[in-house]
Amino acid sequence: MLKDITLGQYFPGDSFIHRLDPRTKILIIIAYVVMVFLIQNFVGYIALALFLALCVAVSGISPKCLIRGLKPILVFIVFTGIFNLFLTPGEEIWRWGFLKITVEGVRFAAFMVLRLVFLILGTSLLTLTTSPIALTDGMERLLSPFKKVHLPAHEIAMMMTIALRFIPTLLDETDKIMKAQSARGASIDSGNIFSRAKAMVPILIPLFISAFRRADELATAMECRCYRGGEGRTRLYELRFGAVDVLGWIYMAALLAAIIGINMIFGKF
Amino acid sequence: MDNIVSINNLVFEYKDEETGERTRVLDGVSLDVRRGEFLAVLGHNGSGKSTLAKHMNAILVPTSGSVTVDGLDTADDSKLFDIRRRVGMVFQNPDNQMVATIVEEDVAFAPENLGVPRDEIRRRVDEALEIVGMSAFKRHAPHMLSGGQKQRVAIAGALAMRPELLVMDEPTAMLDPSGRAEVIETVKKLNRENGMTVVLITHYMDEAVRADRVIVLDSGRIALEGTPKEVFPQVEKLTALGLDVPQSTYLIYMLNKQGLGLDGTALNDEECAAELLRALEKRGKGARGS
């Protein structure tokens, strides 16, 4: 059960995409997400698919690996598709009892599914090619202008780093607690969904208590190492924009222009 | 100045928030830590050893009495970070003192906090990892390391501050025997070769034996103090304080109870064997003589 979690999985590499500054990548992803929702016709999605395919090819990440990222939310995608297919009002093309399919429904369902798939593929590509540390660093730097309006940029990034650091530790711990409870006769993997949910309680309580104790010890250890917030802190690795980043921005601007152009030429489908 | 830490009549009490009861954890401890020495602090659970350690870098401040680190009073809030950078701390649980997801970034944490320039951080990180013998693992994730390796990284993390003193609060309590040996060897080497002052809090006698000086705490007071050779032969006193003695020392103690009249200061296997051999030879000579 715990093995399926692939959060923050990162494949080190030295491709063009890997070498982009995390800030560039985050900005590109934001632009990409905006585009996914901006696109109004299928020609736009073909352009986006070409762009994504190019990125994947350049990154050296196997497409199989990227598509595997869709698996955990497959159910969600299918449901979204089905709901939109049957529940969108409009011009009927098929009817059976209370179920009906409309032209608008088909179109809408296809759009929603495409949007979800593109969202997941794009963001997976980001996490697969960017180390979690670089990602949090990039976030901290991008958010730092908002410190003026009291946004705790450094604290948010520090919390994310610590969370990432403790995911494997807490997974190990959960595993240990589960084994300890099973050794004393608790049945965790059997019964219906309710009894299984109930069986989680004796696992979660010790886990929470231990997490709080860990947090307390970690705070002391951080104080011992002179931690006093982001003020006056230097970094072992400073982020630097390079020539690759300029290229990245140019590609992104070109794609954005293309998408807007396609929207204007082909109109709303 | 010869003392890196001077503790004068330290009393520490904490108040139970619910009952309002005051508990005295440290009850008039006076102690000097000399520059360059390896000091071991012993004591059973609840004797106040961890509390004492936390006074050495101003995590806790005395209820009464005083603690000075390198001439700085720990009660002085404005000197807090000057004090903490002089004292590296290593705790029991290696998992709960690592902040970053990559070894070298974790070692860099303290100098980053201190605002050290980037090139200097790089130098300190490489040097600290070299000293603890973990350079080969600098790009690894901490959770992939063994317990002993994690503790060595934690030591490197403290060393990267360039401290004057290394305080270790039961650093081997959660490790297997090979991990314990790894950590103690590292500490011993640090003390001998780099001249690092070390305060090691432990309840393993075989670790304390390797120190220059031993202090035994009991209910917040110093019960015994001296070199290992002075402290450990006091077997009855140590057992009364709820502590073990090194096995070799205990063997000689038991033999002496039978009236063998051996030198009771043997602290390890070799010394014990040598002492027994000497006694046997003496006896052999005596038997032949009569």
# chains A, B, ... in the order shown; residues from 1 in each chain; ligands from 1
>>> interface_residues(of="chain A", to="chain B", cutoff="10 Å", atoms="only C-alpha atoms", output="ChimeraX atom specification")
/A:131-133,158-159,161-169,172,211,213-238
>>> write_last_selection(atoms="N, CA and C atoms", output="compact mmCIF listing (two decimals), in the first residue's frame")
# COMPACT_ATOMS: atom_id res chain seq x y z
N SER A 131 14.94 18.03 -8.66
CA SER A 131 15.07 17.46 -7.33
C SER A 131 14.18 18.27 -6.38
N PRO A 132 13.63 17.60 -5.35
CA PRO A 132 12.74 18.30 -4.43
C PRO A 132 13.38 19.53 -3.82
N ILE A 133 14.68 19.43 -3.54
CA ILE A 133 15.38 20.57 -2.94
C ILE A 133 15.39 21.76 -3.90
N MET A 158 10.98 25.95 3.99
CA MET A 158 11.59 25.11 5.03
C MET A 158 10.64 23.98 5.44
N MET A 159 9.36 24.31 5.57
CA MET A 159 8.38 23.28 5.94
C MET A 159 8.32 22.20 4.87
N THR A 161 10.71 21.35 2.76
CA THR A 161 11.94 20.56 2.82
C THR A 161 11.84 19.52 3.93
N ILE A 162 11.41 19.97 5.11
CA ILE A 162 11.33 19.06 6.26
C ILE A 162 10.30 17.97 5.99
N ALA A 163 9.18 18.35 5.38
CA ALA A 163 8.16 17.35 5.06
C ALA A 163 8.75 16.29 4.13
N LEU A 164 9.46 16.74 3.09
CA LEU A 164 10.07 15.80 2.14
C LEU A 164 11.09 14.91 2.85
N ARG A 165 11.86 15.53 3.76
CA ARG A 165 12.88 14.80 4.48
C ARG A 165 12.25 13.70 5.34
N PHE A 166 11.06 13.98 5.91
CA PHE A 166 10.48 13.03 6.86
C PHE A 166 9.51 12.03 6.24
N ILE A 167 9.18 12.21 4.96
CA ILE A 167 8.27 11.23 4.34
C ILE A 167 8.82 9.80 4.47
N PRO A 168 10.05 9.53 4.03
CA PRO A 168 10.54 8.15 4.18
C PRO A 168 10.63 7.69 5.63
N THR A 169 11.04 8.60 6.53
CA THR A 169 11.15 8.24 7.95
C THR A 169 9.80 7.83 8.52
N ASP A 172 8.55 4.48 7.11
CA ASP A 172 9.20 3.38 7.83
C ASP A 172 8.51 3.14 9.15
N ALA A 211 5.37 11.56 15.70
CA ALA A 211 5.69 12.69 14.82
C ALA A 211 5.85 13.97 15.62
N ARG A 213 6.82 14.15 18.75
CA ARG A 213 8.07 14.06 19.49
C ARG A 213 9.25 14.36 18.57
N ARG A 214 9.18 13.80 17.36
CA ARG A 214 10.24 14.07 16.39
C ARG A 214 10.34 15.56 16.10
N ALA A 215 9.19 16.20 15.91
CA ALA A 215 9.18 17.63 15.60
C ALA A 215 9.86 18.41 16.71
N ASP A 216 9.57 18.03 17.94
CA ASP A 216 10.14 18.71 19.09
C ASP A 216 11.66 18.56 19.10
N GLU A 217 12.13 17.33 18.90
CA GLU A 217 13.57 17.09 18.90
C GLU A 217 14.25 17.81 17.74
N LEU A 218 13.58 17.78 16.58
CA LEU A 218 14.16 18.44 15.41
C LEU A 218 14.30 19.93 15.64
N ALA A 219 13.28 20.52 16.29
CA ALA A 219 13.33 21.96 16.57
C ALA A 219 14.53 22.28 17.46
N THR A 220 14.75 21.46 18.49
CA THR A 220 15.91 21.68 19.36
C THR A 220 17.21 21.55 18.57
N ALA A 221 17.28 20.50 17.74
CA ALA A 221 18.50 20.28 16.97
C ALA A 221 18.76 21.45 16.02
N MET A 222 17.67 22.01 15.46
CA MET A 222 17.84 23.14 14.54
C MET A 222 18.31 24.37 15.30
N GLU A 223 17.80 24.57 16.51
CA GLU A 223 18.25 25.70 17.33
C GLU A 223 19.72 25.55 17.68
N CYS A 224 20.13 24.32 17.98
CA CYS A 224 21.53 24.07 18.31
C CYS A 224 22.43 24.42 17.14
N ARG A 225 21.89 24.34 15.93
CA ARG A 225 22.70 24.66 14.77
C ARG A 225 22.40 26.08 14.30
N CYS A 226 22.04 26.91 15.27
CA CYS A 226 21.92 28.35 15.06
C CYS A 226 20.85 28.75 14.06
N TYR A 227 19.79 27.96 13.92
CA TYR A 227 18.72 28.36 13.01
C TYR A 227 17.94 29.52 13.60
N ARG A 228 17.72 30.56 12.80
CA ARG A 228 16.95 31.71 13.28
C ARG A 228 16.15 32.31 12.14
N GLY A 229 15.55 31.44 11.32
CA GLY A 229 14.73 31.93 10.22
C GLY A 229 15.56 32.27 9.00
N GLY A 230 14.92 32.83 7.99
CA GLY A 230 15.58 33.08 6.71
C GLY A 230 16.49 34.29 6.69
N GLU A 231 16.39 35.12 7.72
CA GLU A 231 17.15 36.37 7.76
C GLU A 231 18.66 36.12 7.78
N GLY A 232 19.37 36.69 6.84
CA GLY A 232 20.83 36.60 6.85
C GLY A 232 21.38 35.23 6.53
N ARG A 233 20.56 34.35 5.94
CA ARG A 233 20.98 33.00 5.64
C ARG A 233 21.68 32.96 4.29
N THR A 234 22.76 32.22 4.19
CA THR A 234 23.39 32.00 2.89
C THR A 234 23.09 30.58 2.46
N ARG A 235 23.42 30.24 1.19
CA ARG A 235 23.12 28.90 0.71
C ARG A 235 24.36 28.24 0.12
N LEU A 236 24.42 26.92 0.29
CA LEU A 236 25.51 26.15 -0.32
C LEU A 236 25.38 26.21 -1.83
N TYR A 237 24.15 26.05 -2.30
CA TYR A 237 23.90 26.17 -3.74
C TYR A 237 23.02 27.37 -3.99
N GLU A 238 23.58 28.40 -4.64
CA GLU A 238 22.76 29.54 -5.03
C GLU A 238 22.17 29.23 -6.40
>>> residues_around(residues="Thr88 in chain A", least_positions_apart="2", cutoff="12 Å", atoms="only C-alpha atoms", output="list in words")
Thr80, Gly81, Ile82, Phe83, Asn84, Leu85, Phe86, Gly90, Glu91, Glu92, Leu99, Lys100, Ile101, Thr102, Val103, Glu104, Gly105, Val106, Arg107, Phe108 and Ala109 of chain A
>>> residues_around(residues="range 60-62 of chain A", least_positions_apart="2", cutoff="12 Å", atoms="only C-alpha atoms", output="PDB file with N, CA and C atoms, in the first residue's frame")
ATOM      1  N   TYR A  10      12.210  11.482  -8.374  1.00  0.00           N
ATOM      2  CA  TYR A  10      13.072  12.327  -9.187  1.00  0.00           C
ATOM      3  C   TYR A  10      14.101  11.462  -9.883  1.00  0.00           C
ATOM      4  N   PHE A  11      14.219  11.655 -11.203  1.00  0.00           N
ATOM      5  CA  PHE A  11      15.232  10.920 -11.957  1.00  0.00           C
ATOM      6  C   PHE A  11      16.363  11.863 -12.329  1.00  0.00           C
ATOM      7  N   PRO A  12      17.518  11.723 -11.683  1.00  0.00           N
ATOM      8  CA  PRO A  12      18.617  12.624 -11.988  1.00  0.00           C
ATOM      9  C   PRO A  12      19.045  12.488 -13.445  1.00  0.00           C
ATOM     10  N   GLY A  13      19.515  13.552 -14.016  1.00  0.00           N
ATOM     11  CA  GLY A  13      19.947  13.529 -15.412  1.00  0.00           C
ATOM     12  C   GLY A  13      20.655  14.822 -15.748  1.00  0.00           C
ATOM     13  N   ASP A  14      21.077  14.941 -16.987  1.00  0.00           N
ATOM     14  CA  ASP A  14      21.821  16.137 -17.373  1.00  0.00           C
ATOM     15  C   ASP A  14      21.272  16.724 -18.668  1.00  0.00           C
ATOM     16  N   SER A  15      19.963  16.549 -18.871  1.00  0.00           N
ATOM     17  CA  SER A  15      19.373  17.036 -20.115  1.00  0.00           C
ATOM     18  C   SER A  15      19.143  18.537 -20.043  1.00  0.00           C
ATOM     19  N   PHE A  16      18.720  19.090 -21.174  1.00  0.00           N
ATOM     20  CA  PHE A  16      18.352  20.502 -21.245  1.00  0.00           C
ATOM     21  C   PHE A  16      17.339  20.837 -20.151  1.00  0.00           C
ATOM     22  N   ILE A  17      16.326  19.972 -20.021  1.00  0.00           N
ATOM     23  CA  ILE A  17      15.272  20.224 -19.035  1.00  0.00           C
ATOM     24  C   ILE A  17      15.826  20.149 -17.612  1.00  0.00           C
ATOM     25  N   HIS A  18      16.710  19.187 -17.370  1.00  0.00           N
ATOM     26  CA  HIS A  18      17.292  19.071 -16.040  1.00  0.00           C
ATOM     27  C   HIS A  18      18.090  20.310 -15.666  1.00  0.00           C
ATOM     28  N   LEU A  52       4.765  18.976 -25.481  1.00  0.00           N
ATOM     29  CA  LEU A  52       5.036  18.059 -24.374  1.00  0.00           C
ATOM     30  C   LEU A  52       5.902  16.899 -24.848  1.00  0.00           C
ATOM     31  N   ALA A  53       5.569  16.362 -26.032  1.00  0.00           N
ATOM     32  CA  ALA A  53       6.335  15.236 -26.576  1.00  0.00           C
ATOM     33  C   ALA A  53       7.789  15.637 -26.788  1.00  0.00           C
ATOM     34  N   LEU A  54       7.985  16.859 -27.284  1.00  0.00           N
ATOM     35  CA  LEU A  54       9.336  17.370 -27.486  1.00  0.00           C
ATOM     36  C   LEU A  54      10.094  17.442 -26.157  1.00  0.00           C
ATOM     37  N   CYS A  55       9.410  17.987 -25.136  1.00  0.00           N
ATOM     38  CA  CYS A  55      10.027  18.105 -23.806  1.00  0.00           C
ATOM     39  C   CYS A  55      10.421  16.734 -23.273  1.00  0.00           C
ATOM     40  N   VAL A  56       9.501  15.772 -23.404  1.00  0.00           N
ATOM     41  CA  VAL A  56       9.773  14.430 -22.893  1.00  0.00           C
ATOM     42  C   VAL A  56      10.962  13.823 -23.622  1.00  0.00           C
ATOM     43  N   ALA A  57      10.976  13.998 -24.954  1.00  0.00           N
ATOM     44  CA  ALA A  57      12.072  13.440 -25.746  1.00  0.00           C
ATOM     45  C   ALA A  57      13.407  14.046 -25.312  1.00  0.00           C
ATOM     46  N   VAL A  58      13.419  15.362 -25.100  1.00  0.00           N
ATOM     47  CA  VAL A  58      14.648  16.047 -24.697  1.00  0.00           C
ATOM     48  C   VAL A  58      15.085  15.613 -23.296  1.00  0.00           C
ATOM     49  N   LYS A  64       6.901   5.838 -20.797  1.00  0.00           N
ATOM     50  CA  LYS A  64       6.199   4.838 -19.990  1.00  0.00           C
ATOM     51  C   LYS A  64       6.105   5.310 -18.537  1.00  0.00           C
ATOM     52  N   CYS A  65       7.236   5.807 -18.063  1.00  0.00           N
ATOM     53  CA  CYS A  65       7.348   6.250 -16.679  1.00  0.00           C
ATOM     54  C   CYS A  65       6.404   7.418 -16.422  1.00  0.00           C
ATOM     55  N   LEU A  66       6.304   8.299 -17.415  1.00  0.00           N
ATOM     56  CA  LEU A  66       5.451   9.474 -17.303  1.00  0.00           C
ATOM     57  C   LEU A  66       3.988   9.043 -17.259  1.00  0.00           C
ATOM     58  N   ILE A  67       3.644   8.081 -18.146  1.00  0.00           N
ATOM     59  CA  ILE A  67       2.252   7.652 -18.237  1.00  0.00           C
ATOM     60  C   ILE A  67       1.834   6.884 -16.990  1.00  0.00           C
ATOM     61  N   ARG A  68       2.804   6.215 -16.350  1.00  0.00           N
ATOM     62  CA  ARG A  68       2.504   5.509 -15.108  1.00  0.00           C
ATOM     63  C   ARG A  68       1.990   6.475 -14.040  1.00  0.00           C
ATOM     64  N   GLY A  69       2.412   7.737 -14.131  1.00  0.00           N
ATOM     65  CA  GLY A  69       1.953   8.750 -13.194  1.00  0.00           C
ATOM     66  C   GLY A  69       0.450   8.980 -13.264  1.00  0.00           C
ATOM     67  N   LEU A 121       0.460  15.052 -16.787  1.00  0.00           N
ATOM     68  CA  LEU A 121       1.691  14.764 -17.526  1.00  0.00           C
ATOM     69  C   LEU A 121       2.697  15.900 -17.361  1.00  0.00           C
ATOM     70  N   SER A 124       4.026  16.057 -13.758  1.00  0.00           N
ATOM     71  CA  SER A 124       4.897  14.896 -13.497  1.00  0.00           C
ATOM     72  C   SER A 124       6.261  15.131 -14.113  1.00  0.00           C
ATOM     73  N   LEU A 125       6.259  15.682 -15.321  1.00  0.00           N
ATOM     74  CA  LEU A 125       7.544  15.940 -15.982  1.00  0.00           C
ATOM     75  C   LEU A 125       8.390  16.893 -15.131  1.00  0.00           C
ATOM     76  N   LEU A 126       7.732  17.860 -14.508  1.00  0.00           N
ATOM     77  CA  LEU A 126       8.450  18.792 -13.635  1.00  0.00           C
ATOM     78  C   LEU A 126       9.084  18.051 -12.467  1.00  0.00           C
ATOM     79  N   THR A 127       8.301  17.243 -11.748  1.00  0.00           N
ATOM     80  CA  THR A 127       8.854  16.589 -10.558  1.00  0.00           C
ATOM     81  C   THR A 127       9.841  15.490 -10.928  1.00  0.00           C
ATOM     82  N   LEU A 128       9.679  14.899 -12.108  1.00  0.00           N
ATOM     83  CA  LEU A 128      10.609  13.840 -12.505  1.00  0.00           C
ATOM     84  C   LEU A 128      11.985  14.400 -12.875  1.00  0.00           C
ATOM     85  N   THR A 129      12.010  15.670 -13.296  1.00  0.00           N
ATOM     86  CA  THR A 129      13.285  16.231 -13.761  1.00  0.00           C
ATOM     87  C   THR A 129      13.881  17.242 -12.790  1.00  0.00           C
ATOM     88  N   THR A 130      13.197  17.493 -11.651  1.00  0.00           N
ATOM     89  CA  THR A 130      13.688  18.502 -10.718  1.00  0.00           C
ATOM     90  C   THR A 130      13.795  17.885  -9.337  1.00  0.00           C
TER      91      THR A 130
END
>>> atom_distance(atom1="CA of Leu119 in chain A", atom2="CA of Val33 in chain A")
6.5 Å
>>> select_by_dssp(residues="range 104-176 of chain B", states="helix (DSSP H, G or I)", output="MDAnalysis selection string")
chainID B and resid 104:107 109:113 118:131 135:137 142:144 147:159
>>> residues_around(residues="Leu165 in chain B", least_positions_apart="4", cutoff="9 Å", atoms="only C-alpha atoms", output="PyMOL selection string")
chain B and resi 4-5+35-36+86-89+196-199
>>> residues_around(residues="range 263-279 of chain B", least_positions_apart="6", cutoff="6 Å", atoms="only C-alpha atoms", output="JSON, numbers by chain")
{"B": [229, 233, 248, 249]}
>>> residues_around(residues="range 240-255 of chain A", least_positions_apart="6", cutoff="9 Å", atoms="only C-alpha atoms", output="PDB file with N, CA and C atoms, in the first residue's frame")
ATOM      1  N   PHE A  16      18.720  19.090 -21.174  1.00  0.00           N
ATOM      2  CA  PHE A  16      18.352  20.502 -21.245  1.00  0.00           C
ATOM      3  C   PHE A  16      17.339  20.837 -20.151  1.00  0.00           C
ATOM      4  N   ILE A  17      16.326  19.972 -20.021  1.00  0.00           N
ATOM      5  CA  ILE A  17      15.272  20.224 -19.035  1.00  0.00           C
ATOM      6  C   ILE A  17      15.826  20.149 -17.612  1.00  0.00           C
ATOM      7  N   ARG A  19      18.755  20.884 -16.684  1.00  0.00           N
ATOM      8  CA  ARG A  19      19.660  22.000 -16.387  1.00  0.00           C
ATOM      9  C   ARG A  19      18.940  23.332 -16.247  1.00  0.00           C
ATOM     10  N   LEU A  20      17.671  23.392 -16.603  1.00  0.00           N
ATOM     11  CA  LEU A  20      16.924  24.637 -16.427  1.00  0.00           C
ATOM     12  C   LEU A  20      16.864  24.990 -14.947  1.00  0.00           C
ATOM     13  N   ASP A  21      16.915  26.265 -14.643  1.00  0.00           N
ATOM     14  CA  ASP A  21      16.765  26.730 -13.278  1.00  0.00           C
ATOM     15  C   ASP A  21      15.359  26.359 -12.789  1.00  0.00           C
ATOM     16  N   ARG A  23      13.359  27.858 -11.010  1.00  0.00           N
ATOM     17  CA  ARG A  23      12.420  28.991 -11.129  1.00  0.00           C
ATOM     18  C   ARG A  23      11.833  29.051 -12.528  1.00  0.00           C
ATOM     19  N   THR A  24      12.709  28.841 -13.533  1.00  0.00           N
ATOM     20  CA  THR A  24      12.227  28.829 -14.920  1.00  0.00           C
ATOM     21  C   THR A  24      11.189  27.733 -15.093  1.00  0.00           C
ATOM     22  N   LYS A  25      11.512  26.558 -14.546  1.00  0.00           N
ATOM     23  CA  LYS A  25      10.604  25.435 -14.733  1.00  0.00           C
ATOM     24  C   LYS A  25       9.255  25.686 -14.067  1.00  0.00           C
ATOM     25  N   LEU A  27       7.868  28.594 -13.480  1.00  0.00           N
ATOM     26  CA  LEU A  27       7.147  29.598 -14.268  1.00  0.00           C
ATOM     27  C   LEU A  27       6.581  28.976 -15.539  1.00  0.00           C
ATOM     28  N   ILE A  28       7.378  28.115 -16.187  1.00  0.00           N
ATOM     29  CA  ILE A  28       6.893  27.461 -17.403  1.00  0.00           C
ATOM     30  C   ILE A  28       5.675  26.599 -17.084  1.00  0.00           C
ATOM     31  N   ALA A  31       2.634  28.741 -16.690  1.00  0.00           N
ATOM     32  CA  ALA A  31       2.168  29.154 -18.019  1.00  0.00           C
ATOM     33  C   ALA A  31       1.475  27.974 -18.721  1.00  0.00           C
ATOM     34  N   TYR A  32       2.059  26.801 -18.569  1.00  0.00           N
ATOM     35  CA  TYR A  32       1.519  25.583 -19.184  1.00  0.00           C
ATOM     36  C   TYR A  32       0.110  25.279 -18.659  1.00  0.00           C
ATOM     37  N   ALA A  47      -1.097  21.023 -30.661  1.00  0.00           N
ATOM     38  CA  ALA A  47       0.120  21.834 -30.497  1.00  0.00           C
ATOM     39  C   ALA A  47       0.747  21.563 -29.136  1.00  0.00           C
ATOM     40  N   LEU A  48      -0.084  21.515 -28.094  1.00  0.00           N
ATOM     41  CA  LEU A  48       0.405  21.288 -26.736  1.00  0.00           C
ATOM     42  C   LEU A  48       1.028  19.897 -26.618  1.00  0.00           C
ATOM     43  N   PHE A  51       4.403  19.921 -28.142  1.00  0.00           N
ATOM     44  CA  PHE A  51       5.343  20.584 -27.225  1.00  0.00           C
ATOM     45  C   PHE A  51       5.765  19.624 -26.108  1.00  0.00           C
TER      46      PHE A  51
END
>>> select_by_dssp(residues="range 48-79 of chain B", states="strand (DSSP E)", output="list in words")
Ser64, Gly65, Ser66, Val67, Thr68, Val69, Leu72 and Asp73 of chain B
>>> decode(residues="range 111-160 of chain A", atoms="C-alpha atoms", output="PDB file, in the first residue's frame")
ATOM      1  CA  PHE A 111     -12.038  18.379 -23.087  1.00  0.00           C
ATOM      2  CA  MET A 112     -12.099  17.620 -19.365  1.00  0.00           C
ATOM      3  CA  VAL A 113     -10.262  14.333 -19.823  1.00  0.00           C
ATOM      4  CA  LEU A 114      -7.657  15.978 -22.043  1.00  0.00           C
ATOM      5  CA  ARG A 115      -7.164  18.798 -19.568  1.00  0.00           C
ATOM      6  CA  LEU A 116      -6.640  16.433 -16.651  1.00  0.00           C
ATOM      7  CA  VAL A 117      -4.254  14.233 -18.610  1.00  0.00           C
ATOM      8  CA  PHE A 118      -2.227  17.211 -19.791  1.00  0.00           C
ATOM      9  CA  LEU A 119      -2.111  18.672 -16.271  1.00  0.00           C
ATOM     10  CA  ILE A 120      -0.813  15.459 -14.762  1.00  0.00           C
ATOM     11  CA  LEU A 121       1.691  14.764 -17.526  1.00  0.00           C
ATOM     12  CA  GLY A 122       3.128  18.282 -17.378  1.00  0.00           C
ATOM     13  CA  THR A 123       3.483  18.448 -13.616  1.00  0.00           C
ATOM     14  CA  SER A 124       4.897  14.896 -13.497  1.00  0.00           C
ATOM     15  CA  LEU A 125       7.544  15.940 -15.982  1.00  0.00           C
ATOM     16  CA  LEU A 126       8.450  18.792 -13.635  1.00  0.00           C
ATOM     17  CA  THR A 127       8.854  16.589 -10.558  1.00  0.00           C
ATOM     18  CA  LEU A 128      10.609  13.840 -12.505  1.00  0.00           C
ATOM     19  CA  THR A 129      13.285  16.231 -13.761  1.00  0.00           C
ATOM     20  CA  THR A 130      13.688  18.502 -10.718  1.00  0.00           C
ATOM     21  CA  SER A 131      15.072  17.464  -7.326  1.00  0.00           C
ATOM     22  CA  PRO A 132      12.736  18.300  -4.426  1.00  0.00           C
ATOM     23  CA  ILE A 133      15.376  20.574  -2.943  1.00  0.00           C
ATOM     24  CA  ALA A 134      15.739  22.550  -6.157  1.00  0.00           C
ATOM     25  CA  LEU A 135      11.962  22.777  -6.331  1.00  0.00           C
ATOM     26  CA  THR A 136      11.578  24.186  -2.811  1.00  0.00           C
ATOM     27  CA  ASP A 137      14.532  26.520  -3.397  1.00  0.00           C
ATOM     28  CA  GLY A 138      12.914  27.774  -6.565  1.00  0.00           C
ATOM     29  CA  MET A 139       9.616  28.307  -4.757  1.00  0.00           C
ATOM     30  CA  GLU A 140      11.322  30.208  -1.972  1.00  0.00           C
ATOM     31  CA  ARG A 141      13.047  32.513  -4.423  1.00  0.00           C
ATOM     32  CA  LEU A 142       9.930  33.060  -6.527  1.00  0.00           C
ATOM     33  CA  LEU A 143       7.844  33.839  -3.450  1.00  0.00           C
ATOM     34  CA  SER A 144      10.422  36.094  -1.811  1.00  0.00           C
ATOM     35  CA  PRO A 145       9.132  39.312  -3.428  1.00  0.00           C
ATOM     36  CA  PHE A 146       5.884  38.647  -1.546  1.00  0.00           C
ATOM     37  CA  LYS A 147       7.707  38.849   1.793  1.00  0.00           C
ATOM     38  CA  LYS A 148       6.857  42.553   1.690  1.00  0.00           C
ATOM     39  CA  VAL A 149       3.209  41.627   2.182  1.00  0.00           C
ATOM     40  CA  HIS A 150       4.235  39.289   5.052  1.00  0.00           C
ATOM     41  CA  LEU A 151       4.156  36.069   3.093  1.00  0.00           C
ATOM     42  CA  PRO A 152       6.493  33.700   4.989  1.00  0.00           C
ATOM     43  CA  ALA A 153       8.331  32.484   1.876  1.00  0.00           C
ATOM     44  CA  HIS A 154      11.330  31.043   3.689  1.00  0.00           C
ATOM     45  CA  GLU A 155       9.190  29.274   6.275  1.00  0.00           C
ATOM     46  CA  ILE A 156       6.981  27.694   3.603  1.00  0.00           C
ATOM     47  CA  ALA A 157      10.053  26.381   1.772  1.00  0.00           C
ATOM     48  CA  MET A 158      11.592  25.106   5.032  1.00  0.00           C
ATOM     49  CA  MET A 159       8.376  23.285   5.936  1.00  0.00           C
ATOM     50  CA  MET A 160       8.306  21.645   2.512  1.00  0.00           C
TER      51      MET A 160
END
